[in-house]
Amino acid sequence: MGWSSWNTYRVHINDTLIKKQADAIVQKGLKDVGYTYINVDDGFFGRRNAQGEMQPHPWRFPGGMKAVADYVHSLGLKAGIYSDAGTVTCGSIWDKDSIGIGAGLYGHEEQDARLYFRDWGFDFIKIDYCGAGQELDLDERKRYTAIRQAINRFGRNDVEINICRWAFPGTWASEVAASWRISSDIRDSWGSVKGIIEKNMPLSAYCHDGHFNDMDMLEIGRSLSESEERVHFGLWCMMSSPLLIGCDMTTIPERSLGLLKNAELIALNQDSLALQAYPVQAADGTYVLVKDIEQRRGTVRATALYNSTNEPRYIAIALSELELEGKARLRDLFAHTPLKPVRDSIAVLVAPHDVVIYRVEAERRIEPTRYEAEWAWLPLYNDLGKRKKEIHYARDKHASCEYVVTMGGGSRENAIVWDNVYSQEGGNYLMTIYYRPAPIRGLEISIDGTPVAVSALQSSGDVATITLPVKLRRGDNRIEMTCSTMWMPDIDKFELRKH
Ligand code: GLA
């Protein structure tokens, strides 16, 4: 949580401006509710000197960068900086800030790590990819891993890294970084906010153990409407994205400031389980998302009923779809008010471009019966688009929650994994798998490493199911689907019934 200079100022930053924003984060009460980082994005670079040492921009940062970090620290805040994995920064290309040419980390890892983190004292770095991708055609994993190692060795190993490769980079990212961007740059527009939420919809499995999908810096306090700001902030909180304010905090409208300081929503974002909400229902542009908060598989959950369309929509969800039962108490986290308890379902009219977010506390938590493919972890997944036939989540209007996983199989490693298939008591179940039939497909299933026998798959029609007897142990089970010799069919979901 914090502030970053890019959305409002792009490369037109300077030390007075950064210090004023640092003052504002304190004065406006944002520090008190958890916003801690002041991040200097692109635009601070001067040129390297004869020894290759980076200089601060001569007239934007005449007092140097250490003075900026020191000032930020003196307010009890943390300081973030920016660079590129290649040789040129994005601003030197797109904003024609030619002073950023040669400013990237490539070939200067040791020097820059020393300077930024030991000498200047920055605590966080966002690492872009313009110079490494477009210019040098480097490999993402190798490049970011080398940079991480250099930072640990020559800088400090407590420095947090954000990978800015504008797409989910691969499951290796959590070994290197605290967070990684999943989309191209956010813009101050409804279409952009809506698009990023959709991009992040199937990625909940990659948010784990304190590593997060980064939905990009906030556009709140700029030109979005009141309800669009609710969607933006509410879903960034539900999905545990970093919350980096992107507006001018000295002139932020009161309404937006109030939203950014909504402690009940921030609590969802900063919840100790650190989970990303996942979709349990999708229909024509409306979505219901849910996540555990406070306790895993407890009776308290957070749910968002989100209307991305241009018309008001009635959204209803059975409590059982949220794995809850009995009398449920709801609390509206925008209005900070309790609602009348419900027993069977939650139903609400949601305005266009709006969302309702509830904390739900029910009498009982029930065993899950459904596992969507878009909740699963795909060990070989990335969204870099480098190879055509790679495993990915694909939008499918006819699928449950509108996603399938496609291009699985072909090798044992190219699998779909659910590692939290939960059974209260353990025992025998019937597992029904929903898939899209296609000729010459195979399916191998294992539960905690033990293979399950699969009968012949159907090869034609729209949707097919296959039902298999399985045995689950008490607690979490790891179910893996793959095929080592040929493609798997596209998987929609599986359901479990006690047998
Ligand atoms: C890329 C990043 C942005 C910003 C700019 C800076 O576009 O994705 O967030 O850092 O570079 O030039």
# chains A, B, ... in the order shown; residues from 1 in each chain; ligands from 1
>>> residues_near_ligand(ligand="ligand 1", cutoff="7 Å", atoms="only C-alpha atoms and all ligand atoms", output="list in words")
Trp6, Arg10, Asp41, Asp42, Thr89, Cys90, Gly91, Asp128, Cys164, Trp166, Ser184 and Asp185 of chain A
>>> select_by_dssp(residues="range 276-356 of chain A", states="helix (DSSP H, G or I)", output="list in words")
Leu319, Ser320, Glu321 and Leu322 of chain A
>>> write_last_selection(atoms="all heavy atoms", output="PDB file, in the first residue's frame")
ATOM      1  N   LEU A 319     -26.606 -19.348  -0.811  1.00  0.00           N
ATOM      2  CA  LEU A 319     -25.565 -19.433   0.224  1.00  0.00           C
ATOM      3  C   LEU A 319     -24.716 -20.679   0.049  1.00  0.00           C
ATOM      4  O   LEU A 319     -23.511 -20.668   0.285  1.00  0.00           O
ATOM      5  CB  LEU A 319     -26.200 -19.472   1.616  1.00  0.00           C
ATOM      6  CG  LEU A 319     -26.611 -18.148   2.249  1.00  0.00           C
ATOM      7  CD1 LEU A 319     -27.110 -18.407   3.668  1.00  0.00           C
ATOM      8  CD2 LEU A 319     -25.463 -17.154   2.271  1.00  0.00           C
ATOM      9  N   SER A 320     -25.362 -21.759  -0.402  1.00  0.00           N
ATOM     10  CA  SER A 320     -24.624 -23.016  -0.564  1.00  0.00           C
ATOM     11  C   SER A 320     -23.501 -22.877  -1.598  1.00  0.00           C
ATOM     12  O   SER A 320     -22.470 -23.532  -1.494  1.00  0.00           O
ATOM     13  CB  SER A 320     -25.568 -24.147  -0.968  1.00  0.00           C
ATOM     14  OG  SER A 320     -26.223 -23.802  -2.171  1.00  0.00           O
ATOM     15  N   GLU A 321     -23.688 -21.978  -2.576  1.00  0.00           N
ATOM     16  CA  GLU A 321     -22.619 -21.744  -3.569  1.00  0.00           C
ATOM     17  C   GLU A 321     -21.428 -21.030  -2.934  1.00  0.00           C
ATOM     18  O   GLU A 321     -20.342 -20.995  -3.483  1.00  0.00           O
ATOM     19  CB  GLU A 321     -23.134 -20.910  -4.746  1.00  0.00           C
ATOM     20  CG  GLU A 321     -24.231 -21.565  -5.562  1.00  0.00           C
ATOM     21  CD  GLU A 321     -23.726 -22.734  -6.398  1.00  0.00           C
ATOM     22  OE1 GLU A 321     -22.505 -22.935  -6.472  1.00  0.00           O
ATOM     23  OE2 GLU A 321     -24.565 -23.445  -6.963  1.00  0.00           O
ATOM     24  N   LEU A 322     -21.688 -20.416  -1.779  1.00  0.00           N
ATOM     25  CA  LEU A 322     -20.589 -19.777  -1.035  1.00  0.00           C
ATOM     26  C   LEU A 322     -20.083 -20.721   0.065  1.00  0.00           C
ATOM     27  O   LEU A 322     -19.326 -20.309   0.947  1.00  0.00           O
ATOM     28  CB  LEU A 322     -21.061 -18.455  -0.415  1.00  0.00           C
ATOM     29  CG  LEU A 322     -21.654 -17.407  -1.366  1.00  0.00           C
ATOM     30  CD1 LEU A 322     -22.155 -16.189  -0.586  1.00  0.00           C
ATOM     31  CD2 LEU A 322     -20.620 -16.974  -2.399  1.00  0.00           C
TER      32      LEU A 322
END
>>> atom_distance(atom1="CA of Tyr116 in chain A", atom2="CA of Met217 in chain A")
22.0 Å
>>> residues_around(residues="range 82-88 of chain A", least_positions_apart="3", cutoff="7 Å", atoms="only C-alpha atoms", output="list in words")
Val40, Asp41, Asp42, Ser92, Gly100, Ile101, Gly102, Ala103, Gly104, Leu105, Tyr106, Ile125, Lys126, Ile127, Asp128, Tyr129, Cys130, Gly131, Ala132 and Arg143 of chain A
>>> closest_residue(among="A:Ile18, A:Ala67, A:Arg436, A:Thr482", to="Thr250 in chain A", atoms="only C-alpha atoms")
A:Ile18
>>> residues_around(residues="range 225-228 of chain A", least_positions_apart="3", cutoff="8 Å", atoms="only C-alpha atoms", output="PyMOL selection string")
chain A and resi 190+231-232+353-355
>>> write_last_selection(atoms="N, CA and C atoms", output="PDB file, in the first residue's frame")
ATOM      1  N   TRP A 190     -13.083   3.501 -17.479  1.00  0.00           N
ATOM      2  CA  TRP A 190     -13.851   2.349 -17.030  1.00  0.00           C
ATOM      3  C   TRP A 190     -13.431   1.081 -17.771  1.00  0.00           C
ATOM      4  N   VAL A 231     -16.042  -0.023  -7.736  1.00  0.00           N
ATOM      5  CA  VAL A 231     -15.643  -1.288  -8.368  1.00  0.00           C
ATOM      6  C   VAL A 231     -14.120  -1.412  -8.338  1.00  0.00           C
ATOM      7  N   HIS A 232     -13.459  -0.346  -8.750  1.00  0.00           N
ATOM      8  CA  HIS A 232     -11.994  -0.347  -8.830  1.00  0.00           C
ATOM      9  C   HIS A 232     -11.401  -0.690  -7.454  1.00  0.00           C
ATOM     10  N   HIS A 353     -22.034  -0.694 -13.727  1.00  0.00           N
ATOM     11  CA  HIS A 353     -20.655  -0.374 -13.317  1.00  0.00           C
ATOM     12  C   HIS A 353     -20.561  -0.242 -11.796  1.00  0.00           C
ATOM     13  N   ASP A 354     -21.165  -1.166 -11.099  1.00  0.00           N
ATOM     14  CA  ASP A 354     -21.149  -1.033  -9.630  1.00  0.00           C
ATOM     15  C   ASP A 354     -20.925  -2.397  -8.974  1.00  0.00           C
ATOM     16  N   VAL A 355     -20.671  -2.377  -7.705  1.00  0.00           N
ATOM     17  CA  VAL A 355     -20.424  -3.610  -6.964  1.00  0.00           C
ATOM     18  C   VAL A 355     -20.949  -3.452  -5.544  1.00  0.00           C
TER      19      VAL A 355
END
>>> closest_residue(among="A:Gly2, A:Gly195, A:Gly52, A:Gly408", to="Ala22 in chain A", atoms="only C-alpha atoms")
A:Gly2
>>> residues_around(residues="Glu175 in chain A", least_positions_apart="3", cutoff="12 Å", atoms="only C-alpha atoms", output="PyMOL selection string")
chain A and resi 141-142+144-146+148-149+160-163+169-172+178-180+206+208-212
>>> write_last_selection(atoms="N, CA, C and O atoms", output="mmCIF file, in the first residue's frame")
data_model
loop_
_atom_site.group_PDB
_atom_site.id
_atom_site.type_symbol
_atom_site.label_atom_id
_atom_site.label_comp_id
_atom_site.auth_asym_id
_atom_site.auth_seq_id
_atom_site.Cartn_x
_atom_site.Cartn_y
_atom_site.Cartn_z
ATOM 1 N N ARG A 141 12.441 -15.209 -17.150
ATOM 2 C CA ARG A 141 12.785 -15.900 -15.912
ATOM 3 C C ARG A 141 14.264 -15.712 -15.565
ATOM 4 O O ARG A 141 14.613 -15.378 -14.429
ATOM 5 N N LYS A 142 15.117 -15.920 -16.573
ATOM 6 C CA LYS A 142 16.566 -15.783 -16.341
ATOM 7 C C LYS A 142 16.908 -14.362 -15.927
ATOM 8 O O LYS A 142 17.709 -14.129 -15.034
ATOM 9 N N TYR A 144 14.995 -11.832 -14.605
ATOM 10 C CA TYR A 144 14.545 -11.371 -13.287
ATOM 11 C C TYR A 144 15.246 -12.141 -12.156
ATOM 12 O O TYR A 144 15.486 -11.593 -11.090
ATOM 13 N N THR A 145 15.581 -13.406 -12.423
ATOM 14 C CA THR A 145 16.281 -14.181 -11.389
ATOM 15 C C THR A 145 17.688 -13.608 -11.172
ATOM 16 O O THR A 145 18.133 -13.445 -10.030
ATOM 17 N N ALA A 146 18.376 -13.273 -12.269
ATOM 18 C CA ALA A 146 19.723 -12.695 -12.152
ATOM 19 C C ALA A 146 19.668 -11.372 -11.383
ATOM 20 O O ALA A 146 20.535 -11.087 -10.538
ATOM 21 N N ARG A 148 17.351 -10.462 -9.169
ATOM 22 C CA ARG A 148 17.068 -10.763 -7.753
ATOM 23 C C ARG A 148 18.359 -11.143 -7.030
ATOM 24 O O ARG A 148 18.656 -10.670 -5.928
ATOM 25 N N GLN A 149 19.158 -12.001 -7.690
ATOM 26 C CA GLN A 149 20.399 -12.457 -7.044
ATOM 27 C C GLN A 149 21.359 -11.288 -6.818
ATOM 28 O O GLN A 149 21.977 -11.183 -5.761
ATOM 29 N N GLU A 160 11.902 -5.417 -1.715
ATOM 30 C CA GLU A 160 10.793 -6.061 -2.429
ATOM 31 C C GLU A 160 10.865 -5.723 -3.905
ATOM 32 O O GLU A 160 11.122 -4.586 -4.283
ATOM 33 N N ILE A 161 10.589 -6.749 -4.720
ATOM 34 C CA ILE A 161 10.622 -6.554 -6.171
ATOM 35 C C ILE A 161 9.220 -6.687 -6.741
ATOM 36 O O ILE A 161 8.450 -7.565 -6.344
ATOM 37 N N ASN A 162 8.902 -5.799 -7.684
ATOM 38 C CA ASN A 162 7.692 -5.952 -8.482
ATOM 39 C C ASN A 162 8.121 -6.192 -9.924
ATOM 40 O O ASN A 162 8.900 -5.421 -10.487
ATOM 41 N N ILE A 163 7.638 -7.294 -10.495
ATOM 42 C CA ILE A 163 7.928 -7.603 -11.901
ATOM 43 C C ILE A 163 6.893 -6.895 -12.764
ATOM 44 O O ILE A 163 5.693 -7.121 -12.608
ATOM 45 N N PRO A 169 3.722 -13.577 -15.661
ATOM 46 C CA PRO A 169 4.990 -14.004 -16.262
ATOM 47 C C PRO A 169 5.290 -15.499 -16.163
ATOM 48 O O PRO A 169 6.138 -16.002 -16.899
ATOM 49 N N GLY A 170 4.631 -16.201 -15.246
ATOM 50 C CA GLY A 170 4.940 -17.619 -15.047
ATOM 51 C C GLY A 170 5.021 -17.898 -13.564
ATOM 52 O O GLY A 170 5.239 -16.984 -12.758
ATOM 53 N N THR A 171 4.887 -19.172 -13.216
ATOM 54 C CA THR A 171 4.801 -19.508 -11.787
ATOM 55 C C THR A 171 6.127 -19.293 -11.057
ATOM 56 O O THR A 171 6.152 -19.237 -9.831
ATOM 57 N N TRP A 172 7.236 -19.135 -11.792
ATOM 58 C CA TRP A 172 8.533 -18.854 -11.180
ATOM 59 C C TRP A 172 8.547 -17.489 -10.501
ATOM 60 O O TRP A 172 9.402 -17.219 -9.654
ATOM 61 N N ALA A 178 7.690 -10.056 -4.960
ATOM 62 C CA ALA A 178 6.544 -9.990 -4.052
ATOM 63 C C ALA A 178 5.250 -9.870 -4.854
ATOM 64 O O ALA A 178 4.188 -10.317 -4.434
ATOM 65 N N SER A 179 5.345 -9.251 -6.039
ATOM 66 C CA SER A 179 4.156 -9.070 -6.872
ATOM 67 C C SER A 179 4.581 -8.936 -8.328
ATOM 68 O O SER A 179 5.741 -8.646 -8.615
ATOM 69 N N TRP A 180 3.632 -9.166 -9.212
ATOM 70 C CA TRP A 180 3.913 -9.092 -10.648
ATOM 71 C C TRP A 180 2.672 -8.576 -11.347
ATOM 72 O O TRP A 180 1.553 -8.974 -11.043
ATOM 73 N N TYR A 206 -2.503 -18.167 -8.106
ATOM 74 C CA TYR A 206 -1.111 -17.689 -8.098
ATOM 75 C C TYR A 206 -0.857 -16.671 -6.990
ATOM 76 O O TYR A 206 0.279 -16.249 -6.796
ATOM 77 N N HIS A 208 -0.399 -16.415 -3.487
ATOM 78 C CA HIS A 208 -0.194 -17.350 -2.376
ATOM 79 C C HIS A 208 1.012 -16.956 -1.543
ATOM 80 O O HIS A 208 1.958 -16.330 -2.046
ATOM 81 N N ASP A 209 0.986 -17.301 -0.292
ATOM 82 C CA ASP A 209 2.118 -17.116 0.631
ATOM 83 C C ASP A 209 2.749 -15.732 0.547
ATOM 84 O O ASP A 209 3.975 -15.592 0.512
ATOM 85 N N GLY A 210 1.922 -14.713 0.475
ATOM 86 C CA GLY A 210 2.470 -13.353 0.477
ATOM 87 C C GLY A 210 3.003 -12.900 -0.867
ATOM 88 O O GLY A 210 3.816 -11.974 -0.926
ATOM 89 N N HIS A 211 2.573 -13.518 -1.950
ATOM 90 C CA HIS A 211 2.937 -13.086 -3.304
ATOM 91 C C HIS A 211 1.649 -12.768 -4.057
ATOM 92 O O HIS A 211 0.693 -13.543 -3.999
ATOM 93 N N PHE A 212 1.657 -11.662 -4.790
ATOM 94 C CA PHE A 212 0.374 -11.141 -5.275
ATOM 95 C C PHE A 212 0.354 -10.807 -6.758
ATOM 96 O O PHE A 212 1.344 -10.333 -7.321
#
>>> closest_residue(among="A:Ala373, A:Ile38, A:Ala177, A:Ala274", to="Gln295 in chain A", atoms="only C-alpha atoms")
A:Ala274
>>> residues_around(residues="Leu259 in chain A", least_positions_apart="2", cutoff="9 Å", atoms="only C-alpha atoms", output="PyMOL selection string")
chain A and resi 220+229-230+233+254-257+261-263+265+334
>>> atom_distance(atom1="CA of Arg297 in chain A", atom2="CA of Tyr429 in chain A")
20.0 Å
>>> residues_around(residues="Met54 in chain A", least_positions_apart="4", cutoff="10 Å", atoms="only C-alpha atoms", output="PyMOL selection string")
chain A and resi 45-50+102-104+108+111-112+115-116
>>> closest_residue(among="A:Glu363, A:Glu480, A:Glu311, A:Glu140", to="Ala328 in chain A", atoms="only C-alpha atoms")
A:Glu363
